[in-house]
file query_3.txt (compact mmCIF, C-alpha atoms)
# COMPACT_ATOMS: atom_id res chain seq x y z
CA MET C 1 153.16 87.90 114.41
CA ARG C 2 149.86 86.09 114.08
CA CYS C 3 149.67 82.57 112.66
CA LEU C 4 148.95 82.54 108.91
CA LYS C 5 146.81 79.41 109.21
CA ARG C 6 144.31 81.40 111.29
CA LYS C 7 142.41 82.38 108.14
CA LEU C 8 141.62 78.74 107.44
CA ILE C 9 139.63 78.39 110.65
CA SER C 10 136.54 80.27 109.44
CA PRO C 11 136.06 78.10 106.29
CA TYR C 12 136.94 75.05 108.42
CA ILE C 13 133.97 75.76 110.71
CA ASP C 14 131.75 76.22 107.66
CA GLY C 15 132.87 72.92 106.13
CA GLU C 16 134.28 74.75 103.13
CA LEU C 17 137.85 73.35 103.21
CA ASN C 18 138.84 70.52 100.94
CA GLU C 19 140.09 67.24 102.41
CA ASP C 20 143.80 68.13 102.18
CA LYS C 21 143.48 71.55 103.82
CA ARG C 22 141.21 70.18 106.53
CA SER C 23 143.69 67.45 107.49
CA LEU C 24 146.54 69.98 107.40
CA LEU C 25 144.68 72.39 109.68
CA GLU C 26 143.59 69.66 112.10
CA ALA C 27 147.22 68.58 112.48
CA HIS C 28 148.25 72.22 112.93
CA LEU C 29 145.63 72.84 115.64
CA ASN C 30 147.26 70.22 117.87
CA GLY C 31 150.42 72.29 118.06
CA CYS C 32 149.24 75.94 117.69
CA ARG C 33 147.61 77.39 120.80
CA GLU C 34 146.68 80.64 119.04
CA CYS C 35 144.74 78.80 116.31
CA ALA C 36 143.15 76.43 118.84
CA ARG C 37 141.89 79.46 120.82
CA GLU C 38 140.67 81.14 117.62
CA LEU C 39 138.76 77.98 116.70
CA GLU C 40 137.14 77.88 120.12
CA GLU C 41 136.07 81.56 119.92
CA LEU C 42 134.72 81.33 116.39
CA GLN C 43 132.85 78.15 117.22
CA LYS C 44 131.13 79.93 120.10
CA ILE C 45 130.04 82.74 117.74
CA HIS C 46 128.94 80.17 115.20
CA MET C 47 126.85 78.31 117.80
CA LEU C 48 125.30 81.52 119.06
CA LEU C 49 124.31 82.72 115.60
CA ALA C 50 123.16 79.32 114.39
CA GLY C 51 121.00 78.96 117.50
CA ALA C 52 119.32 82.34 117.09
CA GLU C 53 115.54 82.22 116.92
CA PRO C 54 114.55 83.12 113.34
CA PHE C 55 112.19 86.05 112.87
CA GLU C 56 108.94 85.07 111.23
CA ALA C 57 106.87 87.24 108.94
CA PRO C 58 104.05 88.85 110.95
CA HIS C 59 100.54 87.48 110.92
CA GLY C 60 98.62 88.40 107.76
CA PHE C 61 101.78 89.43 105.93
CA SER C 62 101.07 87.44 102.75
CA THR C 63 97.52 88.86 102.58
CA ARG C 64 98.93 92.38 102.79
CA VAL C 65 101.52 91.68 100.08
CA LEU C 66 98.92 90.21 97.72
CA ALA C 67 96.56 93.13 98.36
CA ASN C 68 99.45 95.52 97.67
CA ILE C 69 100.25 93.72 94.40
CA ARG C 70 96.60 93.89 93.34
CA SER C 71 96.28 97.58 94.21
CA LYS C 72 99.52 98.36 92.37
CA GLY C 73 98.12 96.52 89.33
CA LYS C 74 94.89 98.52 89.50
CA ARG C 75 96.84 101.70 90.06
CA ARG C 76 99.00 100.86 87.08
CA SER C 77 95.96 100.45 84.80
CA ALA C 78 94.47 103.61 86.29
CA ASP C 79 97.77 105.35 85.58
CA PHE C 80 97.61 104.09 82.01
CA VAL C 81 94.10 105.52 81.55
CA HIS C 82 95.28 108.79 83.11
CA ILE C 83 98.30 108.97 80.78
CA PHE C 84 96.05 108.12 77.81
CA LYS C 85 93.68 110.95 78.80
CA ILE C 86 96.55 113.44 79.08
CA LEU C 87 97.94 112.36 75.71
CA THR C 88 94.50 112.65 74.08
CA GLU C 89 93.96 116.10 75.55
CA GLY C 90 97.43 117.16 74.48
CA PHE C 91 96.79 115.86 70.98
CA ALA C 92 93.48 117.73 70.82
CA VAL C 93 95.17 120.97 71.89
CA LEU C 94 97.93 120.42 69.32
CA LEU C 95 95.33 119.75 66.64
CA LEU C 96 93.54 123.00 67.52
CA ILE C 97 96.82 124.95 67.35
CA VAL C 98 97.69 123.44 63.94
CA ALA C 99 94.17 124.12 62.68
CA GLY C 100 94.44 127.69 63.99
CA VAL C 101 97.77 128.22 62.24
CA ILE C 102 96.46 126.81 58.94
CA LEU C 103 93.28 128.88 59.17
CA GLY C 104 95.27 131.94 60.17
CA SER C 105 97.65 131.63 57.24
CA PHE C 106 94.74 131.02 54.87
CA LEU C 107 92.85 134.07 56.09
CA SER C 108 95.91 136.30 56.16
CA ARG C 109 96.68 135.34 52.53
CA ASN C 110 93.20 136.56 51.58
CA LEU C 111 93.17 139.58 53.82
CA VAL C 112 96.61 140.95 53.12
CA SER C 113 97.03 142.79 49.87
CA GLU C 114 100.05 142.41 47.58
CA LYS C 115 101.58 145.59 49.01
CA GLY C 116 101.33 144.10 52.47
CA SER C 117 98.86 146.57 53.86
CA ILE C 118 95.77 145.21 55.46
CA VAL C 119 92.63 145.67 53.48
CA ALA C 120 89.90 146.98 55.65
CA SER C 121 87.69 143.96 55.41
CA PHE C 122 85.25 145.53 57.78
CA SER C 123 85.19 148.74 55.78
CA LEU C 124 83.23 151.62 57.14
CA GLU C 125 81.35 151.50 53.85
CA VAL C 126 79.31 148.62 55.15
CA PHE C 127 77.75 150.92 57.61
CA ALA C 128 75.17 153.47 56.74
CA PRO C 129 76.78 156.61 55.32
CA ALA C 130 77.55 159.08 58.02
CA PRO C 131 76.19 162.64 57.62
CA GLN C 132 78.80 165.03 56.13
CA ASP C 133 78.88 167.38 59.10
CA SER C 134 79.08 164.70 61.79
CA VAL C 135 82.36 163.65 63.46
CA GLY C 136 82.21 160.33 61.56
CA GLY C 137 81.64 162.14 58.27
CA VAL C 138 84.64 164.44 58.87
CA TYR C 139 86.79 161.43 59.83
CA LEU C 140 85.77 159.57 56.62
CA ALA C 141 86.56 162.60 54.50
CA MET C 142 90.00 162.82 56.13
CA THR C 143 90.65 159.11 55.62
CA GLU C 144 89.69 159.28 51.91
CA ALA C 145 91.90 162.33 51.43
CA GLU C 146 94.79 160.41 52.99
CA HIS C 147 94.22 157.45 50.65
CA GLU C 148 94.11 159.66 47.55
CA LYS C 149 97.55 161.10 48.40
CA MET K 1 113.46 75.09 98.70
CA ASN K 2 112.88 72.66 95.84
CA LYS K 3 114.28 73.84 92.53
CA ALA K 4 112.03 71.61 90.40
CA SER K 5 108.81 72.74 92.07
CA ASP K 6 110.00 76.36 91.98
CA LEU K 7 110.61 76.09 88.23
CA SER K 8 107.19 74.57 87.72
CA LEU K 9 105.60 77.49 89.61
CA ILE K 10 107.62 80.00 87.61
CA ASN K 11 106.57 78.39 84.32
CA LYS K 12 102.92 78.56 85.37
CA PHE K 13 103.39 82.22 86.30
CA LYS K 14 105.02 82.96 82.95
CA ASN K 15 102.08 81.26 81.21
CA GLY K 16 99.70 83.69 82.86
CA ASP K 17 98.70 81.90 86.07
CA THR K 18 99.76 84.65 88.47
CA SER K 19 97.85 83.01 91.34
CA VAL K 20 100.87 80.68 91.89
CA PHE K 21 102.74 83.68 93.26
CA GLU K 22 100.94 83.16 96.55
CA GLU K 23 102.65 79.77 96.91
CA ILE K 24 106.05 81.33 96.24
CA LEU K 25 105.25 84.05 98.77
CA LEU K 26 104.20 81.58 101.47
CA THR K 27 107.29 79.42 100.85
CA TYR K 28 109.84 82.22 101.12
CA GLN K 29 108.25 85.00 103.19
CA ASP K 30 109.79 83.90 106.51
CA LYS K 31 113.29 83.49 105.07
CA ILE K 32 113.20 86.86 103.34
CA TYR K 33 111.66 88.55 106.37
CA ASN K 34 114.34 87.04 108.64
CA LEU K 35 117.08 88.26 106.29
CA CYS K 36 115.58 91.77 106.13
CA HIS K 37 115.13 91.86 109.90
CA ARG K 38 118.75 90.89 110.50
CA MET K 39 119.93 93.41 107.91
CA LEU K 40 117.76 96.34 109.02
CA GLY K 41 117.35 95.67 112.73
CA SER K 42 113.66 96.47 113.22
CA SER K 43 110.45 94.60 112.54
CA HIS K 44 108.80 97.64 110.97
CA ASP K 45 111.59 98.21 108.46
CA ALA K 46 111.82 94.47 107.82
CA GLU K 47 108.14 94.26 106.93
CA ASP K 48 108.35 97.24 104.57
CA ALA K 49 111.48 95.88 102.89
CA THR K 50 110.04 92.36 102.57
CA GLN K 51 106.90 93.81 100.98
CA ASP K 52 109.14 95.62 98.48
CA VAL K 53 111.08 92.42 97.76
CA PHE K 54 107.95 90.46 96.86
CA LEU K 55 106.51 93.32 94.85
CA LYS K 56 109.73 93.51 92.82
CA ALA K 57 109.74 89.72 92.49
CA TYR K 58 106.16 89.76 91.20
CA GLN K 59 106.97 92.47 88.67
CA ASN K 60 110.14 90.75 87.44
CA LEU K 61 109.32 87.05 87.68
CA ASN K 62 108.67 86.92 83.93
CA LYS K 63 112.34 87.85 83.40
CA PHE K 64 113.62 85.14 85.77
CA LYS K 65 116.26 82.94 84.13
CA PRO K 66 116.29 79.32 85.32
CA ASP K 67 120.12 79.19 85.45
CA SER K 68 119.91 80.42 89.06
CA SER K 69 117.62 79.15 91.79
CA LEU K 70 114.57 81.09 92.89
CA TYR K 71 115.74 81.54 96.47
CA THR K 72 119.16 82.94 95.47
CA TRP K 73 117.32 85.28 93.09
CA LEU K 74 114.96 86.37 95.89
CA PHE K 75 117.88 86.77 98.31
CA ARG K 76 119.63 88.97 95.75
CA ILE K 77 116.56 91.21 95.47
CA ALA K 78 116.31 91.28 99.28
CA VAL K 79 119.97 92.22 99.77
CA ASN K 80 119.73 95.05 97.23
CA THR K 81 116.45 96.25 98.73
CA CYS K 82 117.94 96.31 102.24
CA ILE K 83 121.04 98.18 101.04
CA ASP K 84 118.81 100.74 99.28
CA TYR K 85 116.64 100.90 102.38
CA LYS K 86 119.69 101.69 104.50
CA ARG K 87 120.65 104.53 102.16
CA LYS K 88 117.15 106.02 102.21
CA PRO K 89 116.81 107.20 105.80
CA PHE K 90 119.65 109.71 105.57
CA LEU K 91 117.25 112.64 105.97
CA GLU K 92 115.25 110.75 108.58
CA SER K 93 118.44 110.06 110.52
CA LEU K 94 118.97 113.80 110.90
CA PHE K 95 115.85 113.87 113.07
CA LYS K 96 116.74 110.76 115.12
CA THR K 97 118.75 110.54 118.28
CA SER K 98 122.11 108.92 117.58
CA LYS K 99 121.35 105.71 119.43
CA GLU K 100 117.91 105.23 117.94
CA GLY K 101 119.23 103.02 115.17
CA ASP K 102 120.60 100.61 117.76
CA VAL K 103 117.25 99.93 119.36
CA PHE K 104 115.88 96.74 117.94
CA VAL K 105 112.37 95.51 118.33
CA VAL K 106 112.59 91.77 118.76
CA ASP K 107 109.47 89.92 117.76
CA ARG K 108 108.06 87.44 120.18
CA PRO K 109 108.83 83.91 118.94
CA ALA K 110 105.55 82.16 118.19
CA ASP K 111 106.10 78.75 119.80
CA SER K 112 107.95 79.46 123.03
CA PRO K 113 105.55 80.25 125.84
CA ASN K 114 108.14 79.73 128.60
CA PRO K 115 109.04 83.24 129.91
CA ASP K 116 112.64 82.24 130.82
CA ARG K 117 113.16 80.83 127.37
CA LEU K 118 111.61 83.95 125.88
CA TYR K 119 113.85 86.20 127.93
CA GLU K 120 116.98 84.26 127.00
CA SER K 121 115.97 84.19 123.35
CA LYS K 122 115.36 87.94 123.41
CA GLN K 123 118.72 88.57 125.05
CA ILE K 124 120.54 86.45 122.47
CA ASN K 125 118.70 88.13 119.61
CA ASP K 126 119.43 91.59 121.00
CA ALA K 127 123.13 90.74 121.37
CA ILE K 128 123.27 89.37 117.83
CA GLN K 129 121.47 92.41 116.41
CA LEU K 130 123.81 94.73 118.26
CA ALA K 131 126.87 92.87 116.99
CA LEU K 132 125.43 92.85 113.45
CA SER K 133 124.63 96.56 113.60
CA ARG K 134 128.31 97.32 114.17
CA LEU K 135 129.32 95.61 110.94
CA SER K 136 129.39 97.33 107.58
CA ALA K 137 126.57 96.29 105.22
CA LYS K 138 129.02 94.21 103.16
CA LEU K 139 130.17 92.19 106.15
CA ARG K 140 126.72 91.98 107.71
CA VAL K 141 125.14 90.50 104.63
CA VAL K 142 127.70 87.68 104.26
CA ILE K 143 127.46 86.65 107.89
CA VAL K 144 123.65 86.72 107.83
CA LEU K 145 123.53 84.65 104.65
CA LYS K 146 126.04 82.20 106.08
CA GLU K 147 125.13 81.87 109.73
CA ILE K 148 121.46 82.77 109.82
CA GLU K 149 120.24 81.61 106.41
CA GLY K 150 122.70 78.73 106.12
CA LEU K 151 123.83 79.39 102.53
CA SER K 152 127.06 77.87 101.23
CA TYR K 153 129.98 80.06 100.09
CA ASP K 154 129.03 79.20 96.53
CA GLU K 155 125.45 80.38 96.98
CA ILE K 156 126.53 83.57 98.77
CA ALA K 157 128.90 84.33 95.88
CA GLU K 158 125.96 83.89 93.50
CA VAL K 159 123.62 86.08 95.53
CA LEU K 160 126.15 88.89 95.87
CA ASP K 161 127.76 88.40 92.47
CA VAL K 162 131.27 88.30 93.97
CA SER K 163 134.05 85.69 93.95
CA MET K 164 134.35 82.82 96.43
CA GLY K 165 137.58 84.37 97.72
CA THR K 166 135.74 87.61 98.52
CA VAL K 167 133.02 85.69 100.37
CA LYS K 168 135.63 83.76 102.36
CA SER K 169 137.57 86.86 103.38
CA ARG K 170 134.41 88.85 104.27
CA ILE K 171 133.11 86.05 106.49
CA PHE K 172 136.46 85.86 108.23
CA ARG K 173 136.48 89.64 108.81
CA ALA K 174 132.86 89.67 109.96
CA ARG K 175 133.56 86.98 112.56
CA GLU K 176 136.64 88.82 113.76
CA GLU K 177 134.60 92.01 114.22
CA MET K 178 131.77 90.20 115.99
CA LYS K 179 134.07 88.58 118.51
CA GLU K 180 134.27 91.54 120.87
CA PRO K 181 130.57 92.46 121.25
CA LEU K 182 129.50 88.82 121.53
CA GLU K 183 132.28 88.09 124.00
CA LYS K 184 130.98 90.94 126.17
CA PHE K 185 127.49 89.44 126.01
CA ARG K 186 128.76 86.02 127.10
CA GLU K 187 130.69 87.59 129.98
CA GLN K 188 127.56 89.41 131.18
CA LYS K 189 125.50 86.19 131.25

call {"tool": "encode", "arguments": {"input": "query_3.txt", "output": "structure tokens"}}
result
Amino acid sequence: MRCLKRKLISPYIDGELNEDKRSLLEAHLNGCRECARELEELQKIHMLLAGAEPFEAPHGFSTRVLANIRSKGKRRSADFVHIFKILTEGFAVLLLIVAGVILGSFLSRNLVSEKGSIVASFSLEVFAPAPQDSVGGVYLAMTEAEHEK
Amino acid sequence: MNKASDLSLINKFKNGDTSVFEEILLTYQDKIYNLCHRMLGSSHDAEDATQDVFLKAYQNLNKFKPDSSLYTWLFRIAVNTCIDYKRKPFLESLFKTSKEGDVFVVDRPADSPNPDRLYESKQINDAIQLALSRLSAKLRVVIVLKEIEGLSYDEIAEVLDVSMGTVKSRIFRAREEMKEPLEKFREQK
């Protein structure tokens, strides 16, 4: 079974143990070979990592970030204009549809008779009378006969 | 990392002087880039992620609350960005060879012209990256914040929004898991 004090070694290396626990562990390390070996191994890892060369941002990085921020800002305002245009166009289309519906209902109220049949607003009477023996004349005579029934 | 000067910059930014963001960027870009590089493993991904971090920071700086410090706030954005970044390449990974993710491009340190020193530094960095790449994201982030960025347990808990006990146990587990690959590296030297 592994020593339970082993878990204290990591915070000990990091200086995160309080005074009491530190003294307790230091006394323990004198007599526990397993913990002493663990301390040695973890210290090696700690030294290796702490000594690693830090990566530095590449040359011109800040210029690129600032340019990116500026272009995003411009793009955002361009997006706003684009959205505004779409909304305006949409509104105009909606307005046309509403106007069409209103006009349509107004016209249909005037064009539809009480019985519901459509009055021939563009009556054939507006045209010059067709000769009696022509096809048009025969058709008109038939239509009138139908209406009289 | 001076909290008073950071707060003064943030107040200027909130009052409309967005030009101060450049100072914030220049102060923290290396730290954030280093964190992203250690988390993601390649300089290309690190640069993309760091760009994202500062873009998000710029867009959200007006919402910054002074009860936390600017660098823990930036680290939090960076950690979340890197975790999201890791999730993203799922489709890309389908087109990669399995070992491709383990190949790390190590940037040439700026002030070390000695080739032996460069070679040793590269070897150490490669070994560290390899050991880090074997950890889960949760363990990797705590060990990077602790060992590479030098944050205290308290600060790590704040960045990750977890308890001190969680930080302590994750660091312990991360070190345990890093033992083997780093031991192999030391044996090879």

call {"tool": "closest_atom_pairs", "arguments": {"input": "query_3.txt", "of": "chain K", "to": "chain C", "cutoff": "9 Å", "atoms": "all atoms listed in the file", "output": "JSON lines"}}
result
{"residue": "K:Phe21", "atom": "CA", "partner": "C:Leu66", "partner_atom": "CA", "distance": 8.8}
{"residue": "K:Glu22", "atom": "CA", "partner": "C:Leu66", "partner_atom": "CA", "distance": 7.4}
{"residue": "K:Leu25", "atom": "CA", "partner": "C:Ser62", "partner_atom": "CA", "distance": 6.7}
{"residue": "K:Leu26", "atom": "CA", "partner": "C:Ser62", "partner_atom": "CA", "distance": 6.8}
{"residue": "K:Gln29", "atom": "CA", "partner": "C:Ala57", "partner_atom": "CA", "distance": 6.3}
{"residue": "K:Asp30", "atom": "CA", "partner": "C:Glu56", "partner_atom": "CA", "distance": 4.9}
{"residue": "K:Lys31", "atom": "CA", "partner": "C:Glu56", "partner_atom": "CA", "distance": 7.7}
{"residue": "K:Ile32", "atom": "CA", "partner": "C:Ala57", "partner_atom": "CA", "distance": 8.5}
{"residue": "K:Tyr33", "atom": "CA", "partner": "C:Ala57", "partner_atom": "CA", "distance": 5.6}
{"residue": "K:Asn34", "atom": "CA", "partner": "C:Phe55", "partner_atom": "CA", "distance": 4.8}
{"residue": "K:Leu35", "atom": "CA", "partner": "C:Phe55", "partner_atom": "CA", "distance": 8.5}
{"residue": "K:His37", "atom": "CA", "partner": "C:Phe55", "partner_atom": "CA", "distance": 7.2}
{"residue": "K:Arg38", "atom": "CA", "partner": "C:Phe55", "partner_atom": "CA", "distance": 8.5}
{"residue": "K:Ser43", "atom": "CA", "partner": "C:Phe55", "partner_atom": "CA", "distance": 8.7}
{"residue": "K:Ala46", "atom": "CA", "partner": "C:Ala57", "partner_atom": "CA", "distance": 8.8}
{"residue": "K:Glu47", "atom": "CA", "partner": "C:Ala57", "partner_atom": "CA", "distance": 7.4}
{"residue": "K:Thr50", "atom": "CA", "partner": "C:Ala57", "partner_atom": "CA", "distance": 8.8}
{"residue": "K:Gln51", "atom": "CA", "partner": "C:Val65", "partner_atom": "CA", "distance": 5.9}
{"residue": "K:Asp52", "atom": "CA", "partner": "C:Val65", "partner_atom": "CA", "distance": 8.7}
{"residue": "K:Phe54", "atom": "CA", "partner": "C:Val65", "partner_atom": "CA", "distance": 7.3}
{"residue": "K:Leu55", "atom": "CA", "partner": "C:Ile69", "partner_atom": "CA", "distance": 6.3}
{"residue": "K:Tyr58", "atom": "CA", "partner": "C:Ile69", "partner_atom": "CA", "distance": 7.8}
{"residue": "K:Gln59", "atom": "CA", "partner": "C:Ile69", "partner_atom": "CA", "distance": 8.9}
{"residue": "K:Val106", "atom": "CA", "partner": "C:Phe55", "partner_atom": "CA", "distance": 8.2}
{"residue": "K:Asp107", "atom": "CA", "partner": "C:Phe55", "partner_atom": "CA", "distance": 6.8}
{"residue": "K:Arg108", "atom": "CA", "partner": "C:Phe55", "partner_atom": "CA", "distance": 8.5}
{"residue": "K:Pro109", "atom": "CA", "partner": "C:Glu53", "partner_atom": "CA", "distance": 7.2}
{"residue": "K:Ala110", "atom": "CA", "partner": "C:Glu56", "partner_atom": "CA", "distance": 8.3}
{"residue": "K:Ser121", "atom": "CA", "partner": "C:Glu53", "partner_atom": "CA", "distance": 6.7}
{"residue": "K:Lys122", "atom": "CA", "partner": "C:Glu53", "partner_atom": "CA", "distance": 8.7}
{"residue": "K:Ile124", "atom": "CA", "partner": "C:Ala52", "partner_atom": "CA", "distance": 6.9}
{"residue": "K:Asn125", "atom": "CA", "partner": "C:Ala52", "partner_atom": "CA", "distance": 6.3}
{"residue": "K:Ile128", "atom": "CA", "partner": "C:Leu49", "partner_atom": "CA", "distance": 7.1}
{"residue": "K:Val144", "atom": "CA", "partner": "C:Leu49", "partner_atom": "CA", "distance": 8.8}
{"residue": "K:Lys146", "atom": "CA", "partner": "C:Asp14", "partner_atom": "CA", "distance": 8.4}
{"residue": "K:Glu147", "atom": "CA", "partner": "C:Ala50", "partner_atom": "CA", "distance": 5.7}
{"residue": "K:Ile148", "atom": "CA", "partner": "C:Ala50", "partner_atom": "CA", "distance": 6.0}
{"residue": "K:Glu149", "atom": "CA", "partner": "C:Ala50", "partner_atom": "CA", "distance": 8.8}
{"residue": "K:Gly150", "atom": "CA", "partner": "C:Ala50", "partner_atom": "CA", "distance": 8.3}
{"residue": "K:Ser152", "atom": "CA", "partner": "C:Glu16", "partner_atom": "CA", "distance": 8.1}
{"residue": "K:Tyr153", "atom": "CA", "partner": "C:Glu16", "partner_atom": "CA", "distance": 7.5}
{"residue": "K:Lys168", "atom": "CA", "partner": "C:Pro11", "partner_atom": "CA", "distance": 6.9}
{"residue": "K:Ser169", "atom": "CA", "partner": "C:Lys7", "partner_atom": "CA", "distance": 8.1}
{"residue": "K:Ile171", "atom": "CA", "partner": "C:Ser10", "partner_atom": "CA", "distance": 7.3}
{"residue": "K:Phe172", "atom": "CA", "partner": "C:Ser10", "partner_atom": "CA", "distance": 5.7}
{"residue": "K:Arg175", "atom": "CA", "partner": "C:Leu42", "partner_atom": "CA", "distance": 6.9}
{"residue": "K:Glu176", "atom": "CA", "partner": "C:Leu42", "partner_atom": "CA", "distance": 8.2}
{"residue": "K:Met178", "atom": "CA", "partner": "C:Ile45", "partner_atom": "CA", "distance": 7.9}
{"residue": "K:Lys179", "atom": "CA", "partner": "C:Ile45", "partner_atom": "CA", "distance": 7.1}
{"residue": "K:Leu182", "atom": "CA", "partner": "C:Ile45", "partner_atom": "CA", "distance": 7.2}
{"residue": "K:Glu183", "atom": "CA", "partner": "C:Ile45", "partner_atom": "CA", "distance": 8.5}

call {"tool": "write_last_selection", "arguments": {"input": "query_3.txt", "atoms": "C-alpha atoms", "output": "PDB file, keeping the file's coordinate frame"}}
result
ATOM      1  CA  PHE K  21     102.740  83.680  93.260  1.00  0.00           C
ATOM      2  CA  GLU K  22     100.940  83.160  96.550  1.00  0.00           C
ATOM      3  CA  LEU K  25     105.250  84.050  98.770  1.00  0.00           C
ATOM      4  CA  LEU K  26     104.200  81.580 101.470  1.00  0.00           C
ATOM      5  CA  GLN K  29     108.250  85.000 103.190  1.00  0.00           C
ATOM      6  CA  ASP K  30     109.790  83.900 106.510  1.00  0.00           C
ATOM      7  CA  LYS K  31     113.290  83.490 105.070  1.00  0.00           C
ATOM      8  CA  ILE K  32     113.200  86.860 103.340  1.00  0.00           C
ATOM      9  CA  TYR K  33     111.660  88.550 106.370  1.00  0.00           C
ATOM     10  CA  ASN K  34     114.340  87.040 108.640  1.00  0.00           C
ATOM     11  CA  LEU K  35     117.080  88.260 106.290  1.00  0.00           C
ATOM     12  CA  HIS K  37     115.130  91.860 109.900  1.00  0.00           C
ATOM     13  CA  ARG K  38     118.750  90.890 110.500  1.00  0.00           C
ATOM     14  CA  SER K  43     110.450  94.600 112.540  1.00  0.00           C
ATOM     15  CA  ALA K  46     111.820  94.470 107.820  1.00  0.00           C
ATOM     16  CA  GLU K  47     108.140  94.260 106.930  1.00  0.00           C
ATOM     17  CA  THR K  50     110.040  92.360 102.570  1.00  0.00           C
ATOM     18  CA  GLN K  51     106.900  93.810 100.980  1.00  0.00           C
ATOM     19  CA  ASP K  52     109.140  95.620  98.480  1.00  0.00           C
ATOM     20  CA  PHE K  54     107.950  90.460  96.860  1.00  0.00           C
ATOM     21  CA  LEU K  55     106.510  93.320  94.850  1.00  0.00           C
ATOM     22  CA  TYR K  58     106.160  89.760  91.200  1.00  0.00           C
ATOM     23  CA  GLN K  59     106.970  92.470  88.670  1.00  0.00           C
ATOM     24  CA  VAL K 106     112.590  91.770 118.760  1.00  0.00           C
ATOM     25  CA  ASP K 107     109.470  89.920 117.760  1.00  0.00           C
ATOM     26  CA  ARG K 108     108.060  87.440 120.180  1.00  0.00           C
ATOM     27  CA  PRO K 109     108.830  83.910 118.940  1.00  0.00           C
ATOM     28  CA  ALA K 110     105.550  82.160 118.190  1.00  0.00           C
ATOM     29  CA  SER K 121     115.970  84.190 123.350  1.00  0.00           C
ATOM     30  CA  LYS K 122     115.360  87.940 123.410  1.00  0.00           C
ATOM     31  CA  ILE K 124     120.540  86.450 122.470  1.00  0.00           C
ATOM     32  CA  ASN K 125     118.700  88.130 119.610  1.00  0.00           C
ATOM     33  CA  ILE K 128     123.270  89.370 117.830  1.00  0.00           C
ATOM     34  CA  VAL K 144     123.650  86.720 107.830  1.00  0.00           C
ATOM     35  CA  LYS K 146     126.040  82.200 106.080  1.00  0.00           C
ATOM     36  CA  GLU K 147     125.130  81.870 109.730  1.00  0.00           C
ATOM     37  CA  ILE K 148     121.460  82.770 109.820  1.00  0.00           C
ATOM     38  CA  GLU K 149     120.240  81.610 106.410  1.00  0.00           C
ATOM     39  CA  GLY K 150     122.700  78.730 106.120  1.00  0.00           C
ATOM     40  CA  SER K 152     127.060  77.870 101.230  1.00  0.00           C
ATOM     41  CA  TYR K 153     129.980  80.060 100.090  1.00  0.00           C
ATOM     42  CA  LYS K 168     135.630  83.760 102.360  1.00  0.00           C
ATOM     43  CA  SER K 169     137.570  86.860 103.380  1.00  0.00           C
ATOM     44  CA  ILE K 171     133.110  86.050 106.490  1.00  0.00           C
ATOM     45  CA  PHE K 172     136.460  85.860 108.230  1.00  0.00           C
ATOM     46  CA  ARG K 175     133.560  86.980 112.560  1.00  0.00           C
ATOM     47  CA  GLU K 176     136.640  88.820 113.760  1.00  0.00           C
ATOM     48  CA  MET K 178     131.770  90.200 115.990  1.00  0.00           C
ATOM     49  CA  LYS K 179     134.070  88.580 118.510  1.00  0.00           C
ATOM     50  CA  LEU K 182     129.500  88.820 121.530  1.00  0.00           C
ATOM     51  CA  GLU K 183     132.280  88.090 124.000  1.00  0.00           C
TER      52      GLU K 183
END

call {"tool": "closest_residue", "arguments": {"input": "query_3.txt", "among": "C:Lys5, C:Gly60, C:Ile102, C:Leu140", "to": "Ala27 of chain C", "atoms": "all atoms listed in the file"}}
result
C:Lys5

call {"tool": "atom_distance", "arguments": {"input": "query_3.txt", "atom1": "atom CA of Thr18 of chain K", "atom2": "atom CA of Asn80 of chain K"}}
result
24.2 Å

call {"tool": "residues_around", "arguments": {"input": "query_3.txt", "residues": "Glu158 of chain K", "least_positions_apart": "6", "cutoff": "12 Å", "atoms": "only C-alpha atoms", "output": "MDAnalysis selection string"}}
result
chainID K and resid 67:76 142 145 151:152 164 166:167

call {"tool": "atom_distance", "arguments": {"input": "query_3.txt", "atom1": "atom CA of Val141 of chain K", "atom2": "atom CA of Met39 of chain K"}}
result
6.8 Å

call {"tool": "residues_near_point", "arguments": {"input": "query_3.txt", "point": "(116.3, 73.3, 85.5)", "cutoff": "10 Å", "atoms": "only C-alpha atoms", "output": "list in words"}}
result
Lys3, Ala4, Ser5, Asp6, Leu7, Ser8, Lys65, Pro66, Asp67, Ser68 and Ser69 of chain K

call {"tool": "atom_distance", "arguments": {"input": "query_3.txt", "atom1": "atom CA of Val79 of chain K", "atom2": "atom CA of Lys12 of chain K"}}
result
26.2 Å
